[in-house]
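Just my_file.cif here, mmCIF, C-alpha atoms and all ligand atoms:
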data_run
loop_
_atom_site.label_atom_id
_atom_site.label_comp_id
_atom_site.auth_asym_id
_atom_site.auth_seq_id
_atom_site.Cartn_x
_atom_site.Cartn_y
_atom_site.Cartn_z
CA MET A 1 7.39 102.47 152.52
CA MET A 2 10.88 103.66 153.42
CA GLY A 3 10.95 106.59 155.86
CA VAL A 4 11.73 110.06 154.55
CA ARG A 5 14.65 111.91 156.13
CA MET A 6 13.80 115.55 156.47
CA ASN A 7 16.15 118.09 157.94
CA PRO A 8 14.20 121.00 159.51
CA GLU A 9 17.15 123.28 158.67
CA ASP A 10 16.48 122.64 154.96
CA ILE A 11 12.88 123.77 155.37
CA PHE A 12 13.98 126.91 157.26
CA ARG A 13 16.34 127.67 154.38
CA LEU A 14 13.58 127.25 151.76
CA VAL A 15 11.14 129.42 153.73
CA ASP A 16 13.73 132.17 154.25
CA LYS A 17 14.68 132.12 150.57
CA HIS A 18 11.14 133.20 149.57
CA ASN A 19 10.11 135.30 152.51
CA GLY A 20 8.38 138.55 151.67
CA ARG A 21 7.73 137.76 148.00
CA HIS A 22 4.22 137.85 146.57
CA GLY A 23 2.75 134.35 146.42
CA CYS A 24 5.70 133.07 148.44
CA ILE A 25 3.85 130.22 150.19
CA VAL A 26 3.12 128.46 146.90
CA SER A 27 6.76 128.92 145.86
CA ILE A 28 7.94 127.49 149.21
CA LEU A 29 5.65 124.48 148.77
CA GLU A 30 6.90 124.01 145.20
CA ASP A 31 10.49 123.94 146.43
CA ILE A 32 9.67 121.43 149.17
CA GLN A 33 7.78 119.27 146.66
CA ALA A 34 10.79 119.43 144.29
CA GLU A 35 13.18 118.44 147.11
CA TYR A 36 11.16 115.52 148.52
CA ASN A 37 8.72 114.72 145.69
CA PHE A 38 5.89 115.32 148.17
CA LEU A 39 5.00 117.63 151.06
CA PRO A 40 5.92 116.00 154.39
CA ARG A 41 3.41 116.98 157.10
CA ARG A 42 6.22 118.04 159.42
CA ALA A 43 7.49 120.41 156.75
CA LEU A 44 4.03 122.00 156.48
CA ARG A 45 4.02 122.61 160.23
CA ILE A 46 7.41 124.33 159.96
CA VAL A 47 6.19 126.48 157.05
CA ALA A 48 3.15 127.55 159.11
CA SER A 49 5.15 128.51 162.18
CA ARG A 50 7.98 130.20 160.24
CA THR A 51 5.64 132.29 158.04
CA GLY A 52 3.04 133.03 160.74
CA ARG A 53 0.27 131.55 158.55
CA SER A 54 -2.21 129.11 160.04
CA LEU A 55 -1.70 125.41 159.39
CA VAL A 56 -5.23 125.36 157.95
CA ASP A 57 -4.19 127.94 155.30
CA ILE A 58 -1.08 125.95 154.41
CA TYR A 59 -3.09 122.74 154.05
CA ALA A 60 -5.70 124.59 151.96
CA LEU A 61 -2.98 125.58 149.47
CA ALA A 62 -1.29 122.16 149.59
CA THR A 63 -4.55 120.40 148.75
CA PHE A 64 -5.90 122.98 146.26
CA TYR A 65 -3.03 122.57 143.78
CA ARG A 66 -3.17 119.13 142.25
CA SER A 67 0.51 119.22 141.47
CA PHE A 68 1.24 118.98 145.21
CA SER A 69 1.12 115.63 146.93
CA LEU A 70 0.83 114.83 150.61
CA LYS A 71 1.93 111.26 149.91
CA PRO A 72 5.54 110.32 149.01
CA LYS A 73 6.01 110.02 145.25
CA GLY A 74 8.66 108.26 143.22
CA ARG A 75 11.45 109.89 141.23
CA HIS A 76 9.68 108.82 138.02
CA MET A 77 5.93 109.37 137.57
CA VAL A 78 4.13 106.86 135.35
CA SER A 79 0.52 107.73 134.37
CA VAL A 80 -1.52 105.27 132.28
CA CYS A 81 -4.54 106.73 130.48
CA MET A 82 -7.73 104.77 131.22
CA GLY A 83 -10.06 107.01 129.19
CA THR A 84 -12.59 105.28 126.91
CA ALA A 85 -10.52 105.35 123.69
CA CYS A 86 -7.41 104.04 125.45
CA HIS A 87 -9.48 101.54 127.42
CA VAL A 88 -10.91 99.91 124.26
CA ARG A 89 -7.37 99.69 122.91
CA ARG A 90 -6.38 97.62 125.91
CA SER A 91 -4.94 100.15 128.35
CA PRO A 92 -6.01 97.84 131.25
CA ASP A 93 -3.41 95.33 129.90
CA VAL A 94 -0.82 98.12 129.81
CA LEU A 95 -1.64 99.03 133.41
CA ASP A 96 -1.35 95.39 134.33
CA GLY A 97 2.08 95.27 132.68
CA PHE A 98 3.32 98.26 134.70
CA GLU A 99 1.86 96.81 137.92
CA GLN A 100 3.65 93.52 137.37
CA HIS A 101 6.98 95.08 136.42
CA LEU A 102 6.98 97.54 139.30
CA GLY A 103 5.33 95.26 141.86
CA ILE A 104 2.84 97.97 142.89
CA GLY A 105 -0.75 98.90 142.11
CA ALA A 106 -2.08 102.17 140.68
CA GLY A 107 -1.81 104.94 143.27
CA GLU A 108 1.29 103.37 144.86
CA THR A 109 5.03 104.06 144.94
CA THR A 110 7.83 101.48 144.83
CA ARG A 111 9.69 100.86 148.10
CA ASP A 112 12.89 102.40 146.71
CA ARG A 113 10.81 105.50 145.72
CA GLU A 114 11.98 105.25 142.12
CA PHE A 115 8.51 104.96 140.52
CA SER A 116 4.94 106.06 141.26
CA LEU A 117 2.15 104.55 139.20
CA SER A 118 -1.16 106.29 138.57
CA THR A 119 -4.10 106.26 136.19
CA VAL A 120 -5.53 109.33 134.48
CA ASN A 121 -8.54 109.91 132.30
CA CYS A 122 -8.58 111.08 128.69
CA LEU A 123 -5.58 113.29 127.88
CA GLY A 124 -6.92 114.37 124.47
CA ALA A 125 -4.47 112.26 122.44
CA CYS A 126 -7.02 109.47 121.89
CA ALA A 127 -5.97 108.67 118.30
CA LEU A 128 -2.57 107.64 119.63
CA GLY A 129 -3.86 105.43 122.41
CA PRO A 130 -3.18 103.62 124.54
CA VAL A 131 -1.23 106.58 125.90
CA THR A 132 1.13 106.54 128.88
CA VAL A 133 2.92 109.60 130.28
CA ILE A 134 6.23 109.20 132.09
CA ASP A 135 7.78 112.29 133.67
CA GLY A 136 5.78 114.55 131.33
CA GLU A 137 6.78 112.62 128.15
CA TYR A 138 3.95 111.08 126.11
CA TYR A 139 4.29 107.48 124.87
CA ARG A 140 1.97 106.42 122.03
CA ASN A 141 0.38 103.06 121.07
CA VAL A 142 1.78 101.36 124.16
CA ARG A 143 1.43 97.56 124.37
CA SER A 144 1.79 95.56 127.56
CA GLY A 145 4.85 93.84 126.01
CA ASP A 146 6.59 97.24 125.66
CA VAL A 147 6.49 98.03 129.37
CA GLY A 148 9.88 96.60 130.41
CA ARG A 149 11.73 98.39 127.60
CA ILE A 150 9.85 101.64 128.21
CA LEU A 151 10.80 101.70 131.90
CA GLU A 152 14.40 100.84 131.17
CA HIS A 153 14.70 103.65 128.61
CA ALA A 154 12.67 106.16 130.65
CA CYS A 155 15.29 105.87 133.41
CA ARG A 156 17.84 107.06 130.84
CA ASP A 157 15.52 109.87 129.67
CA GLU A 158 14.86 108.12 126.36
CA ASN A 159 11.36 107.80 124.91
CA ILE A 160 11.13 104.79 122.60
CA LEU A 161 7.49 105.46 121.61
CA LYS A 162 7.80 109.19 121.13
CA MET A 163 5.06 111.18 119.40
CA THR A 164 6.04 113.06 116.26
CA GLU A 165 5.82 116.86 116.43
CA ASP A 166 2.44 116.80 114.63
CA GLU A 167 1.08 114.20 117.00
CA GLN A 168 2.06 116.24 120.04
CA VAL A 169 -0.78 118.66 119.16
CA PHE A 170 -3.76 117.51 121.21
CA SER A 171 -6.82 119.25 122.61
CA VAL A 172 -7.13 119.82 126.37
CA ASN A 173 -10.66 119.76 127.82
CA VAL A 174 -10.70 122.28 130.68
CA SER A 175 -13.02 123.54 133.40
CA CYS A 176 -13.05 126.31 136.01
CA PRO A 177 -11.03 125.39 139.14
CA HIS A 178 -13.60 127.20 141.30
CA CYS A 179 -17.04 126.07 140.03
CA ASN A 180 -15.82 123.15 137.87
CA ARG A 181 -18.07 124.21 134.97
CA SER A 182 -16.71 123.45 131.51
CA LEU A 183 -14.94 126.29 129.70
CA MET A 184 -15.17 124.55 126.31
CA ASP A 185 -16.99 126.52 123.62
CA HIS A 186 -18.32 123.88 121.20
CA GLU A 187 -19.83 126.47 118.89
CA HIS A 188 -16.50 128.06 118.10
CA ARG A 189 -13.83 125.67 116.86
CA LEU A 190 -10.24 126.03 115.78
CA ASP A 191 -8.69 123.27 113.65
CA ASP A 192 -11.93 121.41 114.37
CA TYR A 193 -11.41 121.46 118.16
CA PRO A 194 -13.67 123.46 120.52
CA MET A 195 -12.05 126.63 121.81
CA VAL A 196 -11.77 127.65 125.49
CA ARG A 197 -13.89 130.66 126.41
CA VAL A 198 -13.04 132.95 129.34
CA THR A 199 -13.63 136.58 130.18
CA VAL A 200 -10.71 138.95 130.61
CA SER A 201 -9.92 142.35 131.95
CA PHE A 202 -6.94 144.51 131.03
CA ARG A 203 -6.23 148.21 130.95
CA ARG A 204 -9.83 149.01 132.01
CA LYS A 205 -11.34 146.92 129.20
CA HIS A 206 -13.49 143.85 129.84
CA GLY A 207 -14.49 141.31 127.24
CA TRP A 208 -14.37 137.71 126.07
CA VAL A 209 -11.38 135.77 124.83
CA ARG A 210 -11.36 132.42 123.07
CA LEU A 211 -8.17 130.40 123.39
CA SER A 212 -7.07 127.48 121.26
CA SER A 213 -7.59 124.26 123.25
CA LEU A 214 -4.57 122.63 121.59
CA TYR A 215 -1.85 122.19 124.18
CA GLY A 216 1.09 124.51 123.45
CA ASP A 217 -0.87 126.50 120.81
CA TYR A 218 -1.12 130.24 121.52
CA ARG A 219 -3.71 131.37 118.97
CA ILE A 220 -6.55 133.42 120.46
CA GLU A 221 -9.64 135.34 119.34
CA SER A 222 -10.69 138.29 121.45
CA GLU A 223 -13.33 140.98 121.67
CA TYR A 224 -10.63 143.66 121.92
CA GLU A 225 -7.10 143.54 120.66
CA ILE A 226 -4.69 142.66 123.48
CA THR A 227 -1.39 144.47 123.21
CA PRO A 228 1.63 142.15 123.26
CA GLY A 229 3.23 142.32 126.70
CA ALA A 230 -0.01 143.30 128.50
CA VAL A 231 -0.78 141.32 131.67
CA VAL A 232 -4.40 140.15 131.51
CA GLN A 233 -6.75 139.09 134.31
CA PHE A 234 -8.73 135.95 133.43
CA PHE A 235 -12.17 135.10 134.88
CA CYS A 236 -14.60 132.21 134.67
CA PRO A 237 -17.60 133.28 132.55
CA SER A 238 -19.96 131.25 134.81
CA CYS A 239 -18.92 132.00 138.41
CA HIS A 240 -16.78 135.08 137.59
CA ALA A 241 -13.96 133.91 139.89
CA GLU A 242 -10.47 135.00 138.90
CA LEU A 243 -8.45 132.14 137.40
CA ARG A 244 -5.12 133.15 138.92
CA SER A 245 -3.06 130.26 140.28
CA GLY A 246 -0.89 131.88 142.96
CA ARG A 247 2.29 131.00 141.05
CA LEU A 248 4.34 133.53 139.14
CA CYS A 249 5.72 132.89 135.67
CA THR A 250 9.33 131.76 135.90
CA THR A 251 10.09 133.60 132.64
CA CYS A 252 8.49 137.04 133.17
CA ASP A 253 7.14 137.08 136.76
CA ALA A 254 3.50 137.71 135.69
CA PRO A 255 0.76 135.71 137.50
CA MET A 256 0.06 132.25 136.11
CA ILE A 257 -3.50 131.24 135.12
CA ILE A 258 -4.80 127.84 136.21
CA LEU A 259 -7.52 125.64 134.64
CA PHE A 260 -8.59 122.11 135.60
CA VAL A 261 -8.02 119.42 132.98
CA ARG A 262 -11.00 117.06 132.74
CA GLY A 263 -8.80 113.97 132.48
CA GLY A 264 -7.12 114.78 135.81
CA GLY A 265 -4.69 117.57 136.63
CA THR A 266 -4.19 121.20 135.81
CA VAL A 267 -2.87 123.29 132.98
CA GLN A 268 -1.22 126.61 133.76
CA PHE A 269 -0.12 129.39 131.44
CA CYS A 270 1.27 132.88 131.80
CA SER A 271 -1.16 135.82 131.89
CA ARG A 272 1.18 138.05 129.86
CA ARG A 273 0.20 138.25 126.18
CA GLY A 274 3.03 136.77 124.15
CA CYS A 275 4.77 134.86 126.98
CA LYS A 276 4.87 131.16 126.14
CA GLU A 277 5.33 129.76 129.66
CA HIS A 278 2.92 126.88 130.30
CA MET A 279 2.82 123.57 132.14
CA LEU A 280 0.62 120.50 132.38
CA ASP A 281 0.43 118.58 135.66
CA LEU A 282 -1.32 115.25 135.76
CA VAL A 283 -2.76 113.73 138.91
CA ASP A 284 -3.78 110.28 139.96
CA GLU A 285 -7.52 109.59 139.65
CA GLU A 286 -7.37 108.17 143.19
CA ASP A 287 -5.91 111.42 144.53
CA MET A 288 -8.72 113.35 142.81
CA ARG A 289 -11.32 111.26 144.59
CA SER A 290 -9.68 111.66 148.02
S1 LIG B 1 -8.73 108.14 126.09
FE1 LIG B 1 -6.59 108.16 126.40
S2 LIG B 1 -5.97 109.97 125.46
FE2 LIG B 1 -8.12 109.99 125.17
#

Transcribe the structure of this file into structure tokens.
Ligand code: FES
Amino acid sequence: MMGVRMNPEDIFRLVDKHNGRHGCIVSILEDIQAEYNFLPRRALRIVASRTGRSLVDIYALATFYRSFSLKPKGRHMVSVCMGTACHVRRSPDVLDGFEQHLGIGAGETTRDREFSLSTVNCLGACALGPVTVIDGEYYRNVRSGDVGRILEHACRDENILKMTEDEQVFSVNVSCPHCNRSLMDHEHRLDDYPMVRVTVSFRRKHGWVRLSSLYGDYRIESEYEITPGAVVQFFCPSCHAELRSGRLCTTCDAPMIILFVRGGGTVQFCSRRGCKEHMLDLVDEEDMRS
């Protein structure tokens, strides 16, 4: 692995840029991750001393959010789905193809730090398997023979096996990031997919809310009407922990809500009714085990 050049002055600058803002440590770590594609340990020590927080606290945040990595990552992230449906449609051959082309195994990064290769579990788009995700773009029906062309085009931001708009609607199976219990409500379905059930609190009202589990779909059912624009607190119905992520919405500054995705990773969405900010972060199965 090539060494990573890190200028402490750059870290000072990032820390000072966020100082004093609510949830600033997560924002600082996000900026460092964006700059280096991972969180260098030396940078974490600087963040701790510059903010007066303990190194243990900083590590707790850095390891809690699955979108952060303590290992160097490549400029392009390739994730091959190894869930059952993709597996029976020969995703191991696809993984093999990527390993051979890149000269690395799953969980590794190329020496030039251009590509990181990982495996994930079911992403909910099983009918389109084998599925591969590169830099957040979904590739459908991937064959091992497609791998060279896919990589070549991905470097130019072109997806040659793009999903159609209809196909991009897939269900996300989520659980509580605190107790890990499933939040899927199989008795209540929307478009034939189980909904996500949470409890909420807003303007002194408490009740249940069911969210569509389709990624990017904002339909909800709720015990009480939620006024557009209201910022809502979300809780796990099992352990009652608040599902706030620590990040603020980049569109409206309201707290973001975080849920674990069963296949590996997290989904986050804005807590303000009507705001459409959301993001899906996938993680390597190996990282989840470590
Ligand atoms: S098994 Fe790959 S998307 Fe479901």

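Comparing A:Asn141, A:Thr199, A:Gln100, A:Thr109 by their smallest distance to ligand LIG 1 (chain B), the closest is A:Asn141 (using all atoms listed in the file).
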
Checklist entry - Which protein, DNA or RNA residues have an atom within 12 Å of ligand LIG 1 (chain B), counting all atoms listed in the file, as a VMD selection string? => result chain A and resid 79 to 92 119 to 133 138 to 142 167 to 173 262 to 264

Checklist entry - With only C-alpha atoms as the atoms that count, which of A:Asn180, A:Ser212, A:Ser222, A:Thr250 lies nearest to Cys236 in chain A? => result A:Asn180

Item to check | CA of Val196 in chain A to CA of Arg210 in chain A, distance in Å rounded to a single decimal | outcome: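 Those two atoms sit 5.4 Å apart.
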
Next on the checklist: Counting all atoms listed in the file, I want the residues whose atoms come within 12 Å of (-12.0, 146.8, 132.8) in the file frame, returned as a PyMOL selection string.
Outcome noted: chain A and resi 199-208+224+232-235

Taking the structure I provided as the source, export range 85-194 of chain A with C-alpha atoms, as a PDB file, in the first residue's frame.
ATOM      1  CA  ALA A  85     -30.450 -14.294  -5.331  1.00  0.00           C
ATOM      2  CA  CYS A  86     -27.295 -12.752  -6.808  1.00  0.00           C
ATOM      3  CA  HIS A  87     -25.226 -15.725  -5.668  1.00  0.00           C
ATOM      4  CA  VAL A  88     -27.381 -18.244  -7.575  1.00  0.00           C
ATOM      5  CA  ARG A  89     -27.067 -16.012 -10.637  1.00  0.00           C
ATOM      6  CA  ARG A  90     -23.312 -16.366 -10.482  1.00  0.00           C
ATOM      7  CA  SER A  91     -22.171 -13.310  -8.546  1.00  0.00           C
ATOM      8  CA  PRO A  92     -19.107 -15.314  -7.338  1.00  0.00           C
ATOM      9  CA  ASP A  93     -17.963 -15.335 -11.020  1.00  0.00           C
ATOM     10  CA  VAL A  94     -18.526 -11.570 -11.178  1.00  0.00           C
ATOM     11  CA  LEU A  95     -16.455 -11.106  -8.020  1.00  0.00           C
ATOM     12  CA  ASP A  96     -13.780 -13.295  -9.523  1.00  0.00           C
ATOM     13  CA  GLY A  97     -13.798 -11.107 -12.649  1.00  0.00           C
ATOM     14  CA  PHE A  98     -13.293  -7.925 -10.602  1.00  0.00           C
ATOM     15  CA  GLU A  99     -10.548  -9.585  -8.518  1.00  0.00           C
ATOM     16  CA  GLN A 100      -8.676 -10.627 -11.640  1.00  0.00           C
ATOM     17  CA  HIS A 101      -9.021  -7.279 -13.402  1.00  0.00           C
ATOM     18  CA  LEU A 102      -8.017  -5.247 -10.372  1.00  0.00           C
ATOM     19  CA  GLY A 103      -5.440  -7.693  -9.011  1.00  0.00           C
ATOM     20  CA  ILE A 104      -6.886  -7.493  -5.486  1.00  0.00           C
ATOM     21  CA  GLY A 105      -9.249  -9.522  -3.325  1.00  0.00           C
ATOM     22  CA  ALA A 106     -12.508  -8.404  -1.699  1.00  0.00           C
ATOM     23  CA  GLY A 107     -11.789  -5.996   1.157  1.00  0.00           C
ATOM     24  CA  GLU A 108      -8.643  -4.664  -0.548  1.00  0.00           C
ATOM     25  CA  THR A 109      -7.593  -1.503  -2.377  1.00  0.00           C
ATOM     26  CA  THR A 110      -5.376  -1.277  -5.463  1.00  0.00           C
ATOM     27  CA  ARG A 111      -1.832   0.021  -4.911  1.00  0.00           C
ATOM     28  CA  ASP A 112      -2.565   3.211  -6.868  1.00  0.00           C
ATOM     29  CA  ARG A 113      -5.649   3.730  -4.618  1.00  0.00           C
ATOM     30  CA  GLU A 114      -7.930   3.968  -7.639  1.00  0.00           C
ATOM     31  CA  PHE A 115     -10.281   1.082  -6.688  1.00  0.00           C
ATOM     32  CA  SER A 116     -11.530  -0.627  -3.523  1.00  0.00           C
ATOM     33  CA  LEU A 117     -13.375  -3.908  -3.896  1.00  0.00           C
ATOM     34  CA  SER A 118     -15.931  -5.167  -1.389  1.00  0.00           C
ATOM     35  CA  THR A 119     -18.830  -7.580  -1.090  1.00  0.00           C
ATOM     36  CA  VAL A 120     -22.238  -6.696   0.317  1.00  0.00           C
ATOM     37  CA  ASN A 121     -25.316  -8.719   1.101  1.00  0.00           C
ATOM     38  CA  CYS A 122     -28.753  -8.375  -0.473  1.00  0.00           C
ATOM     39  CA  LEU A 123     -29.444  -4.803  -1.607  1.00  0.00           C
ATOM     40  CA  GLY A 124     -33.138  -5.425  -2.321  1.00  0.00           C
ATOM     41  CA  ALA A 125     -32.791  -5.353  -6.122  1.00  0.00           C
ATOM     42  CA  CYS A 126     -32.711  -9.168  -6.380  1.00  0.00           C
ATOM     43  CA  ALA A 127     -34.749  -9.395  -9.612  1.00  0.00           C
ATOM     44  CA  LEU A 128     -31.968  -7.506 -11.375  1.00  0.00           C
ATOM     45  CA  GLY A 129     -29.125  -9.615 -10.054  1.00  0.00           C
ATOM     46  CA  PRO A 130     -26.300 -10.114 -10.112  1.00  0.00           C
ATOM     47  CA  VAL A 131     -26.041  -6.523  -8.912  1.00  0.00           C
ATOM     48  CA  THR A 132     -22.839  -4.498  -8.531  1.00  0.00           C
ATOM     49  CA  VAL A 133     -22.656  -0.953  -7.160  1.00  0.00           C
ATOM     50  CA  ILE A 134     -19.857   1.365  -8.244  1.00  0.00           C
ATOM     51  CA  ASP A 135     -19.632   4.789  -6.603  1.00  0.00           C
ATOM     52  CA  GLY A 136     -23.331   4.619  -5.662  1.00  0.00           C
ATOM     53  CA  GLU A 137     -24.487   3.638  -9.196  1.00  0.00           C
ATOM     54  CA  TYR A 138     -26.309   0.305  -9.544  1.00  0.00           C
ATOM     55  CA  TYR A 139     -25.335  -2.068 -12.370  1.00  0.00           C
ATOM     56  CA  ARG A 140     -27.849  -4.794 -13.267  1.00  0.00           C
ATOM     57  CA  ASN A 141     -27.463  -8.363 -14.644  1.00  0.00           C
ATOM     58  CA  VAL A 142     -23.676  -8.155 -14.488  1.00  0.00           C
ATOM     59  CA  ARG A 143     -21.713 -10.992 -16.126  1.00  0.00           C
ATOM     60  CA  SER A 144     -18.061 -11.727 -15.444  1.00  0.00           C
ATOM     61  CA  GLY A 145     -17.316 -10.902 -19.115  1.00  0.00           C
ATOM     62  CA  ASP A 146     -18.695  -7.357 -18.592  1.00  0.00           C
ATOM     63  CA  VAL A 147     -16.227  -6.448 -15.869  1.00  0.00           C
ATOM     64  CA  GLY A 148     -13.470  -4.871 -18.011  1.00  0.00           C
ATOM     65  CA  ARG A 149     -15.929  -2.643 -19.899  1.00  0.00           C
ATOM     66  CA  ILE A 150     -17.769  -1.692 -16.705  1.00  0.00           C
ATOM     67  CA  LEU A 151     -14.566  -0.536 -14.999  1.00  0.00           C
ATOM     68  CA  GLU A 152     -13.425   1.375 -18.051  1.00  0.00           C
ATOM     69  CA  HIS A 153     -16.749   3.211 -18.320  1.00  0.00           C
ATOM     70  CA  ALA A 154     -17.148   3.726 -14.560  1.00  0.00           C
ATOM     71  CA  CYS A 155     -13.903   5.734 -14.598  1.00  0.00           C
ATOM     72  CA  ARG A 156     -15.610   8.070 -17.076  1.00  0.00           C
ATOM     73  CA  ASP A 157     -18.782   8.194 -14.935  1.00  0.00           C
ATOM     74  CA  GLU A 158     -20.723   6.129 -17.469  1.00  0.00           C
ATOM     75  CA  ASN A 159     -22.946   3.224 -16.420  1.00  0.00           C
ATOM     76  CA  ILE A 160     -23.315   0.723 -19.257  1.00  0.00           C
ATOM     77  CA  LEU A 161     -25.729  -1.548 -17.327  1.00  0.00           C
ATOM     78  CA  LYS A 162     -27.892   1.175 -15.865  1.00  0.00           C
ATOM     79  CA  MET A 163     -31.236   0.372 -14.244  1.00  0.00           C
ATOM     80  CA  THR A 164     -34.304   1.995 -15.764  1.00  0.00           C
ATOM     81  CA  GLU A 165     -36.170   4.466 -13.555  1.00  0.00           C
ATOM     82  CA  ASP A 166     -38.758   1.788 -12.655  1.00  0.00           C
ATOM     83  CA  GLU A 167     -36.062  -0.696 -11.748  1.00  0.00           C
ATOM     84  CA  GLN A 168     -34.371   1.772  -9.418  1.00  0.00           C
ATOM     85  CA  VAL A 169     -37.297   1.296  -6.998  1.00  0.00           C
ATOM     86  CA  PHE A 170     -36.173  -1.391  -4.563  1.00  0.00           C
ATOM     87  CA  SER A 171     -37.042  -2.220  -0.975  1.00  0.00           C
ATOM     88  CA  VAL A 172     -34.498  -1.609   1.797  1.00  0.00           C
ATOM     89  CA  ASN A 173     -34.581  -4.007   4.762  1.00  0.00           C
ATOM     90  CA  VAL A 174     -33.633  -1.970   7.841  1.00  0.00           C
ATOM     91  CA  SER A 175     -32.969  -2.443  11.545  1.00  0.00           C
ATOM     92  CA  CYS A 176     -32.339  -0.245  14.587  1.00  0.00           C
ATOM     93  CA  PRO A 177     -28.697   0.937  14.798  1.00  0.00           C
ATOM     94  CA  HIS A 178     -28.837   0.591  18.602  1.00  0.00           C
ATOM     95  CA  CYS A 179     -30.485  -2.798  19.303  1.00  0.00           C
ATOM     96  CA  ASN A 180     -30.261  -4.181  15.734  1.00  0.00           C
ATOM     97  CA  ARG A 181     -33.877  -5.411  15.867  1.00  0.00           C
ATOM     98  CA  SER A 182     -35.715  -5.378  12.553  1.00  0.00           C
ATOM     99  CA  LEU A 183     -37.951  -2.372  11.871  1.00  0.00           C
ATOM    100  CA  MET A 184     -39.809  -4.129   9.039  1.00  0.00           C
ATOM    101  CA  ASP A 185     -43.570  -4.411   9.513  1.00  0.00           C
ATOM    102  CA  HIS A 186     -44.595  -7.460   7.468  1.00  0.00           C
ATOM    103  CA  GLU A 187     -48.266  -7.041   8.313  1.00  0.00           C
ATOM    104  CA  HIS A 188     -48.498  -3.652   6.657  1.00  0.00           C
ATOM    105  CA  ARG A 189     -47.315  -3.533   3.061  1.00  0.00           C
ATOM    106  CA  LEU A 190     -47.063  -0.833   0.439  1.00  0.00           C
ATOM    107  CA  ASP A 191     -46.780  -1.872  -3.223  1.00  0.00           C
ATOM    108  CA  ASP A 192     -46.421  -5.386  -1.809  1.00  0.00           C
ATOM    109  CA  TYR A 193     -43.293  -4.531   0.217  1.00  0.00           C
ATOM    110  CA  PRO A 194     -43.266  -4.496   4.046  1.00  0.00           C
TER     111      PRO A 194
END
